[in-house]
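Student: Structure below; questions to follow.
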Amino acid sequence: MKSIIILLFVFTTISCVVNKKSTTNIINDKSQQCPENGTCNFEVLKNKSFELAKDGIGMYYPKIADAKTSILKFEFKSGYIADIPDSGVTEVVYIELGKEKNLSIQNQALTQVKASYGRLCFCRGESGYFPIKKGKLNIKSITKTQFEIEFEFEVNEVPQTLKQFKVIIEI
């Protein structure tokens with residue numbers, strides 16, 4: 001019995017390590033603009049594409065698939081209380097990038113990178129995913145592997161705490 005418990009523990013530990021997502025290095029934490037009273041996380045999903053698909057009732061949901069593009073994902077979490085299910089709010093921004101890593105676009109041109117915002121919470125009528133149609137995105141390379149990403153945006157469909165972020169990353 002003892003050996004079975006040890007074996008399960010080892011298997012669980014190994015599977016957690018193997019399934020861990022590869023997060024991108026944020027090389028300058030001071031550049032990260034995270035709203036107060038929350039935590040932020042940024043990651044790059046390589047060889048993936050993103051789109052907002054509609055479900056049977058016309059609501060958007062994120063659809064991620066294998067591709068030759070990459071997805072930038074910025075996530076802000078706030079208000080979570082330990083041991084309280086459905087507490088807190090998660091706000092997430094998705095941007096899909098092709099081969100072009102230096103760009104400066106705004107407003108309607110944000111559809112080129114499939115810029116999308118999601119607000120996830122147990123708050124009826126104030127959550128969901130939405131295309132971002134108003135904002136300004138700047139991505140510039142600092143070195144061959146380092147990039148500065150600056151994004152200011154606005155959505156009108158739901159309340160929004162996350163309105164901008166700036167990160168310097170290494171891919």
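Simple scheme: letters A, B, ... for chains in structure tokens order, numbers from 1 for residues in each chain, numbers from 1 for ligands in the order shown.
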Per DSSP on the backbone, filter chain A down to the residues in helix (DSSP H, G or I) and report them as a PyMOL selection string.

Tutor: chain A and resi 2-19+29-31+107-113

Student: May I have the residues from that selection written out with N, CA and C atoms, as a CSV table (one decimal), in the first residue's frame?

Tutor:
chain,number,residue,atom,x,y,z
A,2,LYS,N,1.9,1.2,0.8
A,2,LYS,CA,2.8,2.4,0.9
A,2,LYS,C,3.5,2.6,-0.5
A,3,SER,N,3.9,1.6,-1.1
A,3,SER,CA,4.5,1.7,-2.4
A,3,SER,C,3.6,2.3,-3.5
A,4,ILE,N,2.3,1.9,-3.4
A,4,ILE,CA,1.3,2.5,-4.3
A,4,ILE,C,1.2,4.0,-4.1
A,5,ILE,N,1.1,4.4,-2.9
A,5,ILE,CA,1.0,5.8,-2.6
A,5,ILE,C,2.2,6.6,-3.1
A,6,ILE,N,3.4,6.0,-2.9
A,6,ILE,CA,4.6,6.7,-3.3
A,6,ILE,C,4.6,6.8,-4.8
A,7,LEU,N,4.2,5.7,-5.5
A,7,LEU,CA,4.2,5.6,-6.9
A,7,LEU,C,3.2,6.7,-7.5
A,8,LEU,N,2.0,6.8,-6.9
A,8,LEU,CA,1.1,7.8,-7.3
A,8,LEU,C,1.6,9.2,-7.1
A,9,PHE,N,2.3,9.5,-6.0
A,9,PHE,CA,2.9,10.8,-5.8
A,9,PHE,C,3.9,11.1,-6.8
A,10,VAL,N,4.8,10.1,-7.2
A,10,VAL,CA,5.8,10.4,-8.2
A,10,VAL,C,5.2,10.6,-9.5
A,11,PHE,N,4.2,9.8,-9.9
A,11,PHE,CA,3.6,10.0,-11.2
A,11,PHE,C,2.9,11.3,-11.3
A,12,THR,N,2.2,11.7,-10.2
A,12,THR,CA,1.5,13.0,-10.2
A,12,THR,C,2.5,14.2,-10.4
A,13,THR,N,3.6,14.1,-9.6
A,13,THR,CA,4.7,15.1,-9.7
A,13,THR,C,5.2,15.2,-11.1
A,14,ILE,N,5.6,14.1,-11.7
A,14,ILE,CA,6.1,14.1,-13.0
A,14,ILE,C,5.2,14.6,-14.1
A,15,SER,N,3.9,14.2,-14.0
A,15,SER,CA,2.9,14.7,-14.9
A,15,SER,C,2.7,16.2,-14.8
A,16,CYS,N,2.8,16.7,-13.6
A,16,CYS,CA,2.6,18.2,-13.4
A,16,CYS,C,3.8,18.9,-14.1
A,17,VAL,N,5.0,18.4,-13.9
A,17,VAL,CA,6.2,19.0,-14.5
A,17,VAL,C,6.1,18.9,-16.1
A,18,VAL,N,5.7,17.8,-16.6
A,18,VAL,CA,5.6,17.6,-18.0
A,18,VAL,C,4.6,18.5,-18.7
A,19,ASN,N,3.4,18.6,-18.0
A,19,ASN,CA,2.3,19.4,-18.6
A,19,ASN,C,2.4,20.9,-18.4
A,29,ASP,N,10.6,43.2,-14.8
A,29,ASP,CA,9.4,43.2,-14.1
A,29,ASP,C,8.8,44.6,-13.9
A,30,LYS,N,9.7,45.6,-13.9
A,30,LYS,CA,9.3,47.0,-13.7
A,30,LYS,C,8.5,47.5,-14.9
A,31,SER,N,8.8,46.9,-16.0
A,31,SER,CA,8.1,47.4,-17.2
A,31,SER,C,6.6,46.9,-17.3
A,107,ASN,N,-6.9,50.7,-33.5
A,107,ASN,CA,-8.3,50.6,-33.8
A,107,ASN,C,-8.7,49.5,-34.7
A,108,GLN,N,-9.3,49.7,-35.8
A,108,GLN,CA,-9.8,48.7,-36.7
A,108,GLN,C,-8.7,47.7,-37.2
A,109,ALA,N,-7.5,48.2,-37.3
A,109,ALA,CA,-6.4,47.4,-37.8
A,109,ALA,C,-6.0,46.3,-36.7
A,110,LEU,N,-6.5,46.4,-35.5
A,110,LEU,CA,-6.3,45.4,-34.5
A,110,LEU,C,-6.9,44.0,-34.9
A,111,THR,N,-7.8,44.0,-35.9
A,111,THR,CA,-8.4,42.8,-36.4
A,111,THR,C,-7.3,42.0,-37.1
A,112,GLN,N,-6.3,42.6,-37.6
A,112,GLN,CA,-5.2,41.9,-38.3
A,112,GLN,C,-4.5,40.9,-37.3
A,113,VAL,N,-4.4,41.3,-36.0
A,113,VAL,CA,-3.7,40.4,-35.1
A,113,VAL,C,-4.7,39.7,-34.2

Student: Check the DSSP output for the backbone and give back, as a compact mmCIF listing (two decimals) with N, CA, C and O atoms, in the first residue's frame, the residues of region 32-161 of chain A in strand (DSSP E or B).

Tutor:
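result_2.txt, freshly written:
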# COMPACT_ATOMS: atom_id res chain seq x y z
N GLY A 38 -4.00 42.92 -7.87
CA GLY A 38 -4.11 41.73 -8.69
C GLY A 38 -2.74 41.21 -9.09
O GLY A 38 -1.72 41.77 -8.73
N THR A 39 -2.75 40.13 -9.84
CA THR A 39 -1.51 39.57 -10.36
C THR A 39 -1.61 39.43 -11.87
O THR A 39 -2.70 39.20 -12.41
N CYS A 40 -0.48 39.58 -12.53
CA CYS A 40 -0.45 39.49 -13.98
C CYS A 40 0.49 38.37 -14.42
O CYS A 40 1.46 38.06 -13.74
N ASN A 41 0.18 37.80 -15.55
CA ASN A 41 1.01 36.77 -16.14
C ASN A 41 1.00 36.98 -17.65
O ASN A 41 -0.02 37.32 -18.24
N PHE A 42 2.17 36.79 -18.26
CA PHE A 42 2.29 36.93 -19.70
C PHE A 42 2.94 35.68 -20.24
O PHE A 42 3.89 35.17 -19.67
N GLU A 43 2.41 35.17 -21.34
CA GLU A 43 3.04 34.02 -21.97
C GLU A 43 2.87 34.07 -23.47
O GLU A 43 1.97 34.72 -23.99
N VAL A 44 3.77 33.38 -24.15
CA VAL A 44 3.71 33.25 -25.60
C VAL A 44 3.43 31.79 -25.90
O VAL A 44 4.13 30.90 -25.43
N LEU A 45 2.38 31.55 -26.66
CA LEU A 45 2.04 30.20 -27.09
C LEU A 45 2.54 30.06 -28.52
O LEU A 45 1.95 30.59 -29.46
N LYS A 48 0.86 28.37 -32.48
CA LYS A 48 -0.58 28.31 -32.22
C LYS A 48 -1.27 29.46 -32.94
O LYS A 48 -0.67 30.51 -33.16
N SER A 49 -2.52 29.26 -33.27
CA SER A 49 -3.34 30.34 -33.82
C SER A 49 -4.53 30.56 -32.89
O SER A 49 -4.87 29.70 -32.09
N PHE A 50 -5.14 31.72 -33.04
CA PHE A 50 -6.24 32.11 -32.16
C PHE A 50 -7.37 32.67 -33.00
O PHE A 50 -7.16 33.36 -33.98
N GLU A 51 -8.57 32.36 -32.58
CA GLU A 51 -9.74 33.01 -33.16
C GLU A 51 -10.86 33.02 -32.13
O GLU A 51 -10.91 32.18 -31.24
N LEU A 52 -11.73 34.00 -32.26
CA LEU A 52 -12.94 34.02 -31.45
C LEU A 52 -14.03 33.33 -32.27
O LEU A 52 -14.39 33.79 -33.34
N ALA A 53 -14.49 32.22 -31.77
CA ALA A 53 -15.57 31.48 -32.43
C ALA A 53 -16.87 31.76 -31.68
O ALA A 53 -16.84 32.15 -30.51
N LYS A 54 -18.00 31.56 -32.34
CA LYS A 54 -19.29 31.77 -31.69
C LYS A 54 -19.93 30.43 -31.35
O LYS A 54 -19.88 29.50 -32.14
N TYR A 60 -19.06 34.58 -27.89
CA TYR A 60 -17.72 34.25 -28.32
C TYR A 60 -17.00 33.36 -27.31
O TYR A 60 -17.23 33.48 -26.10
N TYR A 61 -16.11 32.52 -27.81
CA TYR A 61 -15.20 31.76 -26.96
C TYR A 61 -13.88 31.61 -27.72
O TYR A 61 -13.86 31.65 -28.95
N PRO A 62 -12.75 31.49 -26.99
CA PRO A 62 -11.46 31.38 -27.67
C PRO A 62 -11.25 29.99 -28.26
O PRO A 62 -11.57 28.99 -27.62
N LYS A 63 -10.72 29.96 -29.46
CA LYS A 63 -10.41 28.70 -30.11
C LYS A 63 -8.93 28.75 -30.51
O LYS A 63 -8.54 29.58 -31.33
N ILE A 64 -8.15 27.85 -29.92
CA ILE A 64 -6.71 27.81 -30.16
C ILE A 64 -6.40 26.53 -30.91
O ILE A 64 -6.87 25.46 -30.54
N ALA A 65 -5.58 26.67 -31.95
CA ALA A 65 -5.23 25.51 -32.79
C ALA A 65 -3.74 25.57 -33.15
O ALA A 65 -3.11 26.62 -33.04
N ASP A 66 -3.21 24.46 -33.61
CA ASP A 66 -1.82 24.42 -34.08
C ASP A 66 -1.70 25.23 -35.36
O ASP A 66 -2.59 25.18 -36.22
N SER A 70 2.13 32.68 -33.56
CA SER A 70 2.25 32.63 -32.09
C SER A 70 1.16 33.49 -31.48
O SER A 70 0.70 34.45 -32.09
N ILE A 71 0.79 33.13 -30.27
CA ILE A 71 -0.23 33.89 -29.55
C ILE A 71 0.43 34.55 -28.34
O ILE A 71 1.13 33.90 -27.56
N LEU A 72 0.20 35.85 -28.18
CA LEU A 72 0.60 36.56 -26.97
C LEU A 72 -0.62 36.54 -26.05
O LEU A 72 -1.72 36.89 -26.46
N LYS A 73 -0.42 36.13 -24.82
CA LYS A 73 -1.52 36.05 -23.86
C LYS A 73 -1.14 36.80 -22.59
O LYS A 73 -0.17 36.45 -21.92
N PHE A 74 -1.88 37.85 -22.27
CA PHE A 74 -1.67 38.62 -21.05
C PHE A 74 -2.88 38.39 -20.16
O PHE A 74 -4.01 38.54 -20.60
N GLU A 75 -2.63 38.03 -18.90
CA GLU A 75 -3.72 37.67 -17.99
C GLU A 75 -3.60 38.44 -16.68
O GLU A 75 -2.53 38.53 -16.10
N PHE A 76 -4.72 38.99 -16.23
CA PHE A 76 -4.80 39.72 -14.97
C PHE A 76 -5.85 39.05 -14.10
O PHE A 76 -6.98 38.84 -14.54
N LYS A 77 -5.47 38.71 -12.87
CA LYS A 77 -6.41 38.09 -11.93
C LYS A 77 -6.53 38.96 -10.69
O LYS A 77 -5.52 39.42 -10.15
N SER A 78 -7.77 39.11 -10.21
CA SER A 78 -7.98 39.92 -9.00
C SER A 78 -9.18 39.39 -8.22
O SER A 78 -10.07 38.75 -8.78
N VAL A 89 -12.03 37.72 -10.48
CA VAL A 89 -12.20 38.03 -11.89
C VAL A 89 -10.88 37.77 -12.61
O VAL A 89 -9.82 38.11 -12.10
N THR A 90 -10.96 37.18 -13.78
CA THR A 90 -9.80 37.03 -14.64
C THR A 90 -10.07 37.80 -15.92
O THR A 90 -11.13 37.66 -16.53
N GLU A 91 -9.12 38.66 -16.29
CA GLU A 91 -9.20 39.39 -17.54
C GLU A 91 -8.03 38.93 -18.39
O GLU A 91 -6.90 38.84 -17.91
N VAL A 92 -8.29 38.63 -19.65
CA VAL A 92 -7.25 38.08 -20.52
C VAL A 92 -7.30 38.76 -21.89
O VAL A 92 -8.37 39.10 -22.38
N VAL A 93 -6.10 38.98 -22.44
CA VAL A 93 -5.97 39.57 -23.77
C VAL A 93 -5.18 38.60 -24.63
O VAL A 93 -4.14 38.08 -24.21
N TYR A 94 -5.69 38.33 -25.83
CA TYR A 94 -5.01 37.49 -26.81
C TYR A 94 -4.65 38.33 -28.02
O TYR A 94 -5.47 39.14 -28.49
N ILE A 95 -3.44 38.12 -28.54
CA ILE A 95 -2.98 38.76 -29.77
C ILE A 95 -2.25 37.69 -30.57
O ILE A 95 -1.38 37.01 -30.03
N GLU A 96 -2.59 37.56 -31.85
CA GLU A 96 -1.91 36.57 -32.69
C GLU A 96 -0.90 37.27 -33.59
O GLU A 96 -1.22 38.25 -34.25
N LEU A 97 0.32 36.74 -33.58
CA LEU A 97 1.38 37.32 -34.41
C LEU A 97 1.89 36.32 -35.43
O LEU A 97 2.08 35.15 -35.12
N LEU A 103 5.57 46.02 -35.10
CA LEU A 103 4.38 46.63 -35.67
C LEU A 103 3.80 47.68 -34.77
O LEU A 103 4.02 47.70 -33.56
N SER A 104 3.06 48.56 -35.40
CA SER A 104 2.36 49.63 -34.71
C SER A 104 1.01 49.78 -35.41
O SER A 104 0.94 50.25 -36.54
N ILE A 105 -0.05 49.35 -34.74
CA ILE A 105 -1.39 49.41 -35.33
C ILE A 105 -2.38 49.94 -34.30
O ILE A 105 -2.11 49.91 -33.10
N GLN A 106 -3.51 50.39 -34.81
CA GLN A 106 -4.53 50.87 -33.89
C GLN A 106 -5.93 50.68 -34.45
O GLN A 106 -6.11 50.47 -35.63
N SER A 116 -8.15 40.32 -28.86
CA SER A 116 -9.39 39.95 -28.18
C SER A 116 -9.24 40.09 -26.67
O SER A 116 -8.16 39.89 -26.12
N TYR A 117 -10.34 40.40 -26.04
CA TYR A 117 -10.39 40.60 -24.59
C TYR A 117 -11.42 39.66 -23.99
O TYR A 117 -12.51 39.50 -24.55
N GLY A 118 -11.06 39.05 -22.87
CA GLY A 118 -12.01 38.20 -22.16
C GLY A 118 -12.10 38.61 -20.71
O GLY A 118 -11.10 38.92 -20.07
N ARG A 119 -13.31 38.63 -20.20
CA ARG A 119 -13.55 38.88 -18.77
C ARG A 119 -14.29 37.66 -18.25
O ARG A 119 -15.41 37.37 -18.70
N LEU A 120 -13.66 36.96 -17.32
CA LEU A 120 -14.20 35.71 -16.81
C LEU A 120 -14.50 35.85 -15.33
O LEU A 120 -13.60 36.13 -14.53
N CYS A 121 -15.75 35.68 -14.98
CA CYS A 121 -16.15 35.79 -13.57
C CYS A 121 -17.55 35.20 -13.42
O CYS A 121 -18.24 34.93 -14.39
N GLY A 128 -17.40 37.42 -20.64
CA GLY A 128 -17.37 36.91 -22.00
C GLY A 128 -16.12 37.35 -22.72
O GLY A 128 -15.25 38.01 -22.15
N TYR A 129 -16.04 36.97 -23.99
CA TYR A 129 -14.92 37.34 -24.85
C TYR A 129 -15.42 38.29 -25.93
O TYR A 129 -16.53 38.13 -26.43
N PHE A 130 -14.55 39.25 -26.30
CA PHE A 130 -14.94 40.26 -27.26
C PHE A 130 -13.75 40.67 -28.12
O PHE A 130 -12.63 40.78 -27.61
N PRO A 131 -13.97 40.94 -29.41
CA PRO A 131 -12.89 41.48 -30.23
C PRO A 131 -12.58 42.90 -29.76
O PRO A 131 -13.48 43.64 -29.37
N LYS A 134 -10.92 49.05 -30.37
CA LYS A 134 -10.40 50.39 -30.06
C LYS A 134 -9.14 50.23 -29.21
O LYS A 134 -9.19 49.66 -28.12
N GLY A 135 -8.03 50.72 -29.74
CA GLY A 135 -6.78 50.63 -29.00
C GLY A 135 -5.58 50.88 -29.87
O GLY A 135 -5.69 51.16 -31.07
N LYS A 136 -4.42 50.77 -29.24
CA LYS A 136 -3.16 50.99 -29.94
C LYS A 136 -2.15 49.95 -29.47
O LYS A 136 -1.90 49.82 -28.28
N LEU A 137 -1.59 49.20 -30.41
CA LEU A 137 -0.62 48.15 -30.13
C LEU A 137 0.71 48.50 -30.78
O LEU A 137 0.77 48.80 -31.98
N ASN A 138 1.77 48.47 -29.97
CA ASN A 138 3.13 48.67 -30.47
C ASN A 138 3.99 47.51 -30.02
O ASN A 138 4.05 47.21 -28.83
N ILE A 139 4.64 46.88 -30.98
CA ILE A 139 5.59 45.81 -30.69
C ILE A 139 6.87 46.17 -31.41
O ILE A 139 6.85 46.41 -32.63
N LYS A 140 7.96 46.25 -30.66
CA LYS A 140 9.24 46.54 -31.31
C LYS A 140 10.32 45.64 -30.75
O LYS A 140 10.32 45.30 -29.56
N SER A 141 11.22 45.25 -31.65
CA SER A 141 12.31 44.39 -31.21
C SER A 141 13.40 45.26 -30.60
O SER A 141 13.72 46.33 -31.10
N GLN A 146 14.59 39.81 -27.86
CA GLN A 146 13.87 40.63 -26.88
C GLN A 146 12.93 41.60 -27.57
O GLN A 146 13.30 42.23 -28.56
N PHE A 147 11.71 41.70 -27.01
CA PHE A 147 10.70 42.56 -27.61
C PHE A 147 9.99 43.37 -26.52
O PHE A 147 9.77 42.88 -25.43
N GLU A 148 9.63 44.58 -26.89
CA GLU A 148 8.81 45.42 -26.01
C GLU A 148 7.40 45.45 -26.60
O GLU A 148 7.22 45.73 -27.78
N ILE A 149 6.45 45.11 -25.76
CA ILE A 149 5.05 45.07 -26.19
C ILE A 149 4.28 46.07 -25.34
O ILE A 149 4.29 46.00 -24.12
N GLU A 150 3.63 47.00 -26.01
CA GLU A 150 2.82 48.02 -25.36
C GLU A 150 1.43 47.99 -25.97
O GLU A 150 1.29 48.05 -27.19
N PHE A 151 0.42 47.89 -25.12
CA PHE A 151 -0.95 47.81 -25.64
C PHE A 151 -1.89 48.58 -24.73
O PHE A 151 -1.95 48.34 -23.53
N GLU A 152 -2.60 49.54 -25.32
CA GLU A 152 -3.67 50.28 -24.66
C GLU A 152 -4.94 49.97 -25.43
O GLU A 152 -4.94 50.03 -26.65
N PHE A 153 -6.02 49.65 -24.71
CA PHE A 153 -7.24 49.24 -25.41
C PHE A 153 -8.46 49.50 -24.55
O PHE A 153 -8.37 49.75 -23.36
N GLU A 154 -9.61 49.40 -25.21
CA GLU A 154 -10.88 49.64 -24.52
C GLU A 154 -11.96 48.75 -25.14
O GLU A 154 -12.02 48.58 -26.35
